[in-house]
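In what follows, a single structure is set out as structure tokens and then discussed.
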Amino acid sequence: MSIGIQDRTAIVGIGQTRFAKGLEDSELSLACQAIAAAIEDAGIDASEVDGLSMYSMENNREFEIARSVGLGDITYFGEIGYGGGAGCGAIGHAAMAVATGQCTAAVAWRARKRAAKSSRPWANVGQRLEGAQQWSRPWGLLRPVDEIAMLTRRYMHEFGAKREHLANVAVAFRKHANRNPNATMYGRELTHEQYMQARWISEPLCLFDNCLETDGALAVVIVSAERARDLRQPPVYVHSFAQSIPRQHQVMTNYFCDDPLLGPSYACARLLWERSEIKPADVPVAQLYDAFSPLIPLSLEGYGFCARGEGAAFTENGALEWPSGRLPTNTSGGGMSEAYVHGFNLILEGVRQMRGTSPCQVEGAESCLVTSGEGVPTSAVLLRR
């Protein structure tokens, strides 16, 4: 294997804006606010930043960010697809750039105006019928929730999962958000009874199986492990990183293959754990991409926390809940109860867990798995103290 990046870089700064639906600030303004906050948190000057790593779906361009925040000469910049699968990829690419000397301090970020009318499925209809979407949207799968509902029904049929298992996910994450003052759903409790009575969005998925619609931005600063030792914050090392697009993969509608439930997490996990000295049994806390609740059992299986078909049962008896669960998950509330910014808030929560500053701090946690989208070309990072 070519030169690896294990523990050669560290996240030393994190920053975010507030989360809400319908913020007045532009996406560029939100991005700059989050990046400036991350640089301040790291205790470095903006002119030291010479690397940028962003989503291919980001509306803000690299030169706009660099000029607006007052960064130095940019010697590395890259864009990572795809949507929900890009968050950990942006971190991994920034870490690789620093580890290989392309830059010395890199920023990765995500800004999103989720509440904009242009983000709705019925906007730009012509564009939404291009490419692979022409094989699903005309037949009624208009939204991502419809596509995941199909996979969920298949999962229920194959492995006997129940709505009660999905409720376990939603309720656990809401409990965590209720301890996080920055969470959109802070102070808004959710019970199993409320979940079971909620209206359908796309059967078998109800209102509380879905992520939020959130405006906001988040950013991180990555430097070399050596540089990190001299900075303000305790370093959070990028221990392992992987990406995957599985063979014959079709985004969100992975129905046209031998095994639709064998998602991208399996290919990603193989490489992630091969490059890691830490294994699934050693991980005490996880931040798993949760645009929809059924992605959690699929990810639990794909990343090796349980056997195939056992992800739903894994959620029983408060297994995902802080503080006593066997794997406290999405401890800030995740995409379903903190904010949905294409999963980038999961990365910041992973850093907080390693710093010991999470509202739902897992005592003695030495590592944290963070994953990006299940059902799309994806990525994952394993962070450690």
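In the structure tokens, each chain is lettered A, B, ... as it comes, each chain's residues begin at 1, and ligands are numbered from 1 in order of appearance.
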
How close does region 221-282 of chain A get to region 82-93 of chain A? List, as CSV, each residue of region 221-282 of chain A within 12 Å, its nearest atom pair and the distance in Å to one decimal, counting only C-alpha atoms.
```
residue,atom,partner,partner_atom,distance
A:Val221,CA,A:Ile91,CA,9.2
A:Ile222,CA,A:Ile91,CA,8.2
A:Val223,CA,A:Ile91,CA,11.3
A:Tyr237,CA,A:Ile91,CA,11.3
A:Val238,CA,A:Gly92,CA,7.9
A:His239,CA,A:Gly92,CA,10.0
A:Ser240,CA,A:Gly92,CA,8.4
A:Phe241,CA,A:Gly92,CA,5.8
A:Ala242,CA,A:Gly92,CA,7.5
A:Gln243,CA,A:Gly89,CA,6.7
A:Ser244,CA,A:Gly85,CA,9.3
A:Ile245,CA,A:Gly85,CA,10.0
A:Val251,CA,A:Tyr82,CA,9.4
A:Met252,CA,A:Gly84,CA,10.8
A:Pro264,CA,A:Gly85,CA,9.7
A:Ser265,CA,A:Gly85,CA,10.3
A:Cys268,CA,A:Gly85,CA,11.0
A:Leu272,CA,A:Gly92,CA,11.3
```

So that I can see what lies close to Ser136 (chain A), please list as a PyMOL selection string the residues with an atom at most 10 Å from it, counting only C-alpha atoms and leaving out residues fewer than 3 positions away in the same chain. chain A and resi 129+132-133+139-143+146-147+252-253

DSSP says strand (DSSP E or B) for which residues of region 149-352 of chain A? Put them as a ChimeraX atom specification? /A:200-202,205-206,210,215-224,236-244,286-287,292,329

Dump C-alpha atoms for the selected residues as a PDB file, in the first residue's frame?
```pdb
ATOM      1  CA  TRP A 200     -46.771   9.134   7.043  1.00  0.00           C
ATOM      2  CA  ILE A 201     -44.234  10.807   4.780  1.00  0.00           C
ATOM      3  CA  SER A 202     -43.585   7.773   2.583  1.00  0.00           C
ATOM      4  CA  LEU A 205     -41.462   6.036   7.001  1.00  0.00           C
ATOM      5  CA  CYS A 206     -43.225   8.621   9.132  1.00  0.00           C
ATOM      6  CA  ASN A 210     -36.709  11.991   8.378  1.00  0.00           C
ATOM      7  CA  ASP A 215     -29.813  26.298   7.239  1.00  0.00           C
ATOM      8  CA  GLY A 216     -26.319  26.567   8.665  1.00  0.00           C
ATOM      9  CA  ALA A 217     -22.633  25.899   8.144  1.00  0.00           C
ATOM     10  CA  LEU A 218     -19.816  23.990   9.830  1.00  0.00           C
ATOM     11  CA  ALA A 219     -16.051  23.824   9.297  1.00  0.00           C
ATOM     12  CA  VAL A 220     -12.883  22.151  10.581  1.00  0.00           C
ATOM     13  CA  VAL A 221      -9.172  22.946  10.404  1.00  0.00           C
ATOM     14  CA  ILE A 222      -6.652  20.138   9.807  1.00  0.00           C
ATOM     15  CA  VAL A 223      -2.875  20.366  10.275  1.00  0.00           C
ATOM     16  CA  SER A 224      -0.019  17.903  10.681  1.00  0.00           C
ATOM     17  CA  VAL A 236      -8.054  14.904  17.367  1.00  0.00           C
ATOM     18  CA  TYR A 237      -6.192  12.558  15.050  1.00  0.00           C
ATOM     19  CA  VAL A 238      -7.522  11.291  11.731  1.00  0.00           C
ATOM     20  CA  HIS A 239      -6.704   7.645  12.399  1.00  0.00           C
ATOM     21  CA  SER A 240      -8.311   6.040   9.340  1.00  0.00           C
ATOM     22  CA  PHE A 241     -10.218   7.150   6.255  1.00  0.00           C
ATOM     23  CA  ALA A 242     -11.988   5.403   3.380  1.00  0.00           C
ATOM     24  CA  GLN A 243     -14.376   6.048   0.485  1.00  0.00           C
ATOM     25  CA  SER A 244     -16.383   3.688  -1.694  1.00  0.00           C
ATOM     26  CA  ALA A 286     -20.372   6.567  16.779  1.00  0.00           C
ATOM     27  CA  GLN A 287     -21.822   9.306  14.620  1.00  0.00           C
ATOM     28  CA  PHE A 292     -33.419   8.651   7.483  1.00  0.00           C
ATOM     29  CA  THR A 329     -24.827   7.108  18.582  1.00  0.00           C
TER      30      THR A 329
END
```

Residues at most 12 Å from region 162-168 of chain A, counting only C-alpha atoms, excluding those fewer than 4 positions away in the same chain, as JSON, numbers by chain? {"A": [149, 152, 153, 154, 155, 156, 157, 158, 172, 173, 174, 175, 190, 191, 192, 193, 194, 195, 196, 197, 198, 200, 203, 204, 205, 206, 207, 208, 209, 210, 290, 292, 293, 294, 295, 296, 297, 298, 310, 311, 312, 313, 314, 315, 316, 317, 318, 319, 320, 321, 325, 329, 336]}

Same residues, N, CA and C atoms, output as a compact mmCIF listing (two decimals), in the first residue's frame:
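Final output, result.txt:
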```
# COMPACT_ATOMS: atom_id res chain seq x y z
N ALA A 149 -37.66 4.59 1.42
CA ALA A 149 -38.82 3.82 1.87
C ALA A 149 -38.89 2.47 1.16
N THR A 152 -36.34 0.31 2.77
CA THR A 152 -36.78 -0.04 4.11
C THR A 152 -37.79 -1.18 4.08
N ARG A 153 -38.73 -1.11 3.15
CA ARG A 153 -39.72 -2.18 3.02
C ARG A 153 -39.03 -3.50 2.71
N ARG A 154 -38.04 -3.46 1.84
CA ARG A 154 -37.28 -4.67 1.52
C ARG A 154 -36.55 -5.20 2.76
N TYR A 155 -35.98 -4.29 3.53
CA TYR A 155 -35.26 -4.69 4.75
C TYR A 155 -36.22 -5.33 5.76
N MET A 156 -37.39 -4.75 5.90
CA MET A 156 -38.38 -5.33 6.79
C MET A 156 -38.80 -6.72 6.33
N HIS A 157 -38.97 -6.88 5.03
CA HIS A 157 -39.36 -8.17 4.48
C HIS A 157 -38.27 -9.21 4.68
N GLU A 158 -37.04 -8.83 4.43
CA GLU A 158 -35.93 -9.78 4.49
C GLU A 158 -35.58 -10.18 5.92
N ALA A 172 -33.90 7.89 20.51
CA ALA A 172 -32.55 8.02 21.07
C ALA A 172 -31.91 9.33 20.66
N PHE A 173 -32.01 9.65 19.37
CA PHE A 173 -31.35 10.86 18.89
C PHE A 173 -32.03 12.12 19.43
N ARG A 174 -33.34 12.06 19.61
CA ARG A 174 -34.03 13.20 20.19
C ARG A 174 -33.61 13.41 21.65
N LYS A 175 -33.42 12.32 22.38
CA LYS A 175 -32.94 12.44 23.77
C LYS A 175 -31.60 13.15 23.81
N LEU A 190 -39.53 13.60 22.42
CA LEU A 190 -40.21 12.67 21.52
C LEU A 190 -40.33 11.32 22.23
N THR A 191 -41.54 10.80 22.31
CA THR A 191 -41.77 9.50 22.92
C THR A 191 -42.05 8.45 21.85
N HIS A 192 -41.97 7.19 22.23
CA HIS A 192 -42.31 6.12 21.31
C HIS A 192 -43.77 6.24 20.86
N GLU A 193 -44.64 6.65 21.77
CA GLU A 193 -46.05 6.79 21.43
C GLU A 193 -46.25 7.88 20.38
N GLN A 194 -45.56 9.01 20.55
CA GLN A 194 -45.67 10.08 19.57
C GLN A 194 -45.14 9.63 18.21
N TYR A 195 -44.06 8.87 18.23
CA TYR A 195 -43.52 8.35 16.98
C TYR A 195 -44.56 7.49 16.26
N MET A 196 -45.16 6.56 16.98
CA MET A 196 -46.08 5.60 16.35
C MET A 196 -47.35 6.28 15.83
N GLN A 197 -47.67 7.45 16.36
CA GLN A 197 -48.88 8.15 15.94
C GLN A 197 -48.61 9.21 14.85
N ALA A 198 -47.35 9.37 14.46
CA ALA A 198 -47.00 10.43 13.51
C ALA A 198 -47.52 10.12 12.11
N TRP A 200 -47.67 9.71 8.04
CA TRP A 200 -46.77 9.13 7.04
C TRP A 200 -46.14 10.23 6.19
N GLU A 203 -44.70 5.77 3.31
CA GLU A 203 -44.86 4.53 4.07
C GLU A 203 -43.81 3.49 3.65
N PRO A 204 -43.10 2.88 4.62
CA PRO A 204 -43.33 2.84 6.07
C PRO A 204 -42.59 3.89 6.89
N LEU A 205 -42.19 5.00 6.29
CA LEU A 205 -41.46 6.04 7.00
C LEU A 205 -42.41 7.17 7.37
N CYS A 206 -42.36 7.56 8.64
CA CYS A 206 -43.22 8.62 9.13
C CYS A 206 -42.42 9.91 9.31
N LEU A 207 -43.07 10.93 9.84
CA LEU A 207 -42.45 12.24 10.01
C LEU A 207 -41.12 12.14 10.74
N PHE A 208 -41.06 11.35 11.80
CA PHE A 208 -39.87 11.33 12.65
C PHE A 208 -38.77 10.40 12.15
N ASP A 209 -38.98 9.78 11.00
CA ASP A 209 -37.92 8.98 10.36
C ASP A 209 -37.03 9.83 9.46
N ASN A 210 -37.37 11.11 9.33
CA ASN A 210 -36.71 11.99 8.38
C ASN A 210 -35.80 12.99 9.07
N ASP A 290 -27.57 9.92 9.29
CA ASP A 290 -28.97 9.62 9.59
C ASP A 290 -29.93 10.55 8.86
N PHE A 292 -32.20 9.40 7.20
CA PHE A 292 -33.42 8.65 7.48
C PHE A 292 -33.08 7.56 8.49
N SER A 293 -34.01 7.27 9.38
CA SER A 293 -33.74 6.34 10.48
C SER A 293 -33.30 4.95 10.02
N PRO A 294 -33.84 4.36 8.93
CA PRO A 294 -33.40 3.01 8.57
C PRO A 294 -31.95 2.93 8.12
N LEU A 295 -31.32 4.07 7.83
CA LEU A 295 -29.91 4.03 7.48
C LEU A 295 -29.04 3.61 8.67
N ILE A 296 -29.55 3.77 9.88
CA ILE A 296 -28.77 3.41 11.06
C ILE A 296 -28.58 1.90 11.18
N PRO A 297 -29.64 1.08 11.16
CA PRO A 297 -29.39 -0.37 11.20
C PRO A 297 -28.55 -0.85 10.02
N LEU A 298 -28.75 -0.27 8.84
CA LEU A 298 -27.93 -0.66 7.69
C LEU A 298 -26.46 -0.34 7.93
N GLU A 310 -29.02 -7.99 11.62
CA GLU A 310 -29.20 -7.80 13.07
C GLU A 310 -29.20 -6.33 13.47
N GLY A 311 -29.14 -5.43 12.49
CA GLY A 311 -29.07 -4.01 12.82
C GLY A 311 -30.31 -3.50 13.54
N ALA A 312 -31.48 -3.95 13.14
CA ALA A 312 -32.71 -3.51 13.80
C ALA A 312 -32.73 -3.97 15.25
N ALA A 313 -32.43 -5.23 15.48
CA ALA A 313 -32.41 -5.75 16.85
C ALA A 313 -31.34 -5.07 17.70
N PHE A 314 -30.26 -4.62 17.07
CA PHE A 314 -29.19 -3.93 17.80
C PHE A 314 -29.72 -2.70 18.52
N THR A 315 -30.75 -2.04 17.96
CA THR A 315 -31.26 -0.80 18.54
C THR A 315 -32.09 -1.01 19.80
N GLU A 316 -32.40 -2.25 20.13
CA GLU A 316 -33.28 -2.53 21.27
C GLU A 316 -32.60 -2.25 22.60
N ASN A 317 -33.42 -2.06 23.64
CA ASN A 317 -32.95 -1.88 25.02
C ASN A 317 -32.03 -0.68 25.18
N GLY A 318 -32.32 0.39 24.41
CA GLY A 318 -31.56 1.62 24.56
C GLY A 318 -30.12 1.55 24.12
N ALA A 319 -29.82 0.66 23.17
CA ALA A 319 -28.42 0.44 22.78
C ALA A 319 -27.76 1.67 22.19
N LEU A 320 -28.54 2.57 21.57
CA LEU A 320 -27.97 3.75 20.93
C LEU A 320 -27.94 4.96 21.85
N GLU A 321 -28.47 4.82 23.05
CA GLU A 321 -28.67 5.97 23.92
C GLU A 321 -27.49 6.21 24.86
N GLY A 325 -26.03 3.04 26.82
CA GLY A 325 -26.16 2.16 25.68
C GLY A 325 -24.85 1.50 25.30
N THR A 329 -24.93 6.72 19.99
CA THR A 329 -24.83 7.11 18.58
C THR A 329 -25.48 8.47 18.36
N MET A 336 -31.33 14.05 12.36
CA MET A 336 -32.75 13.95 12.64
C MET A 336 -33.22 14.88 13.75
```
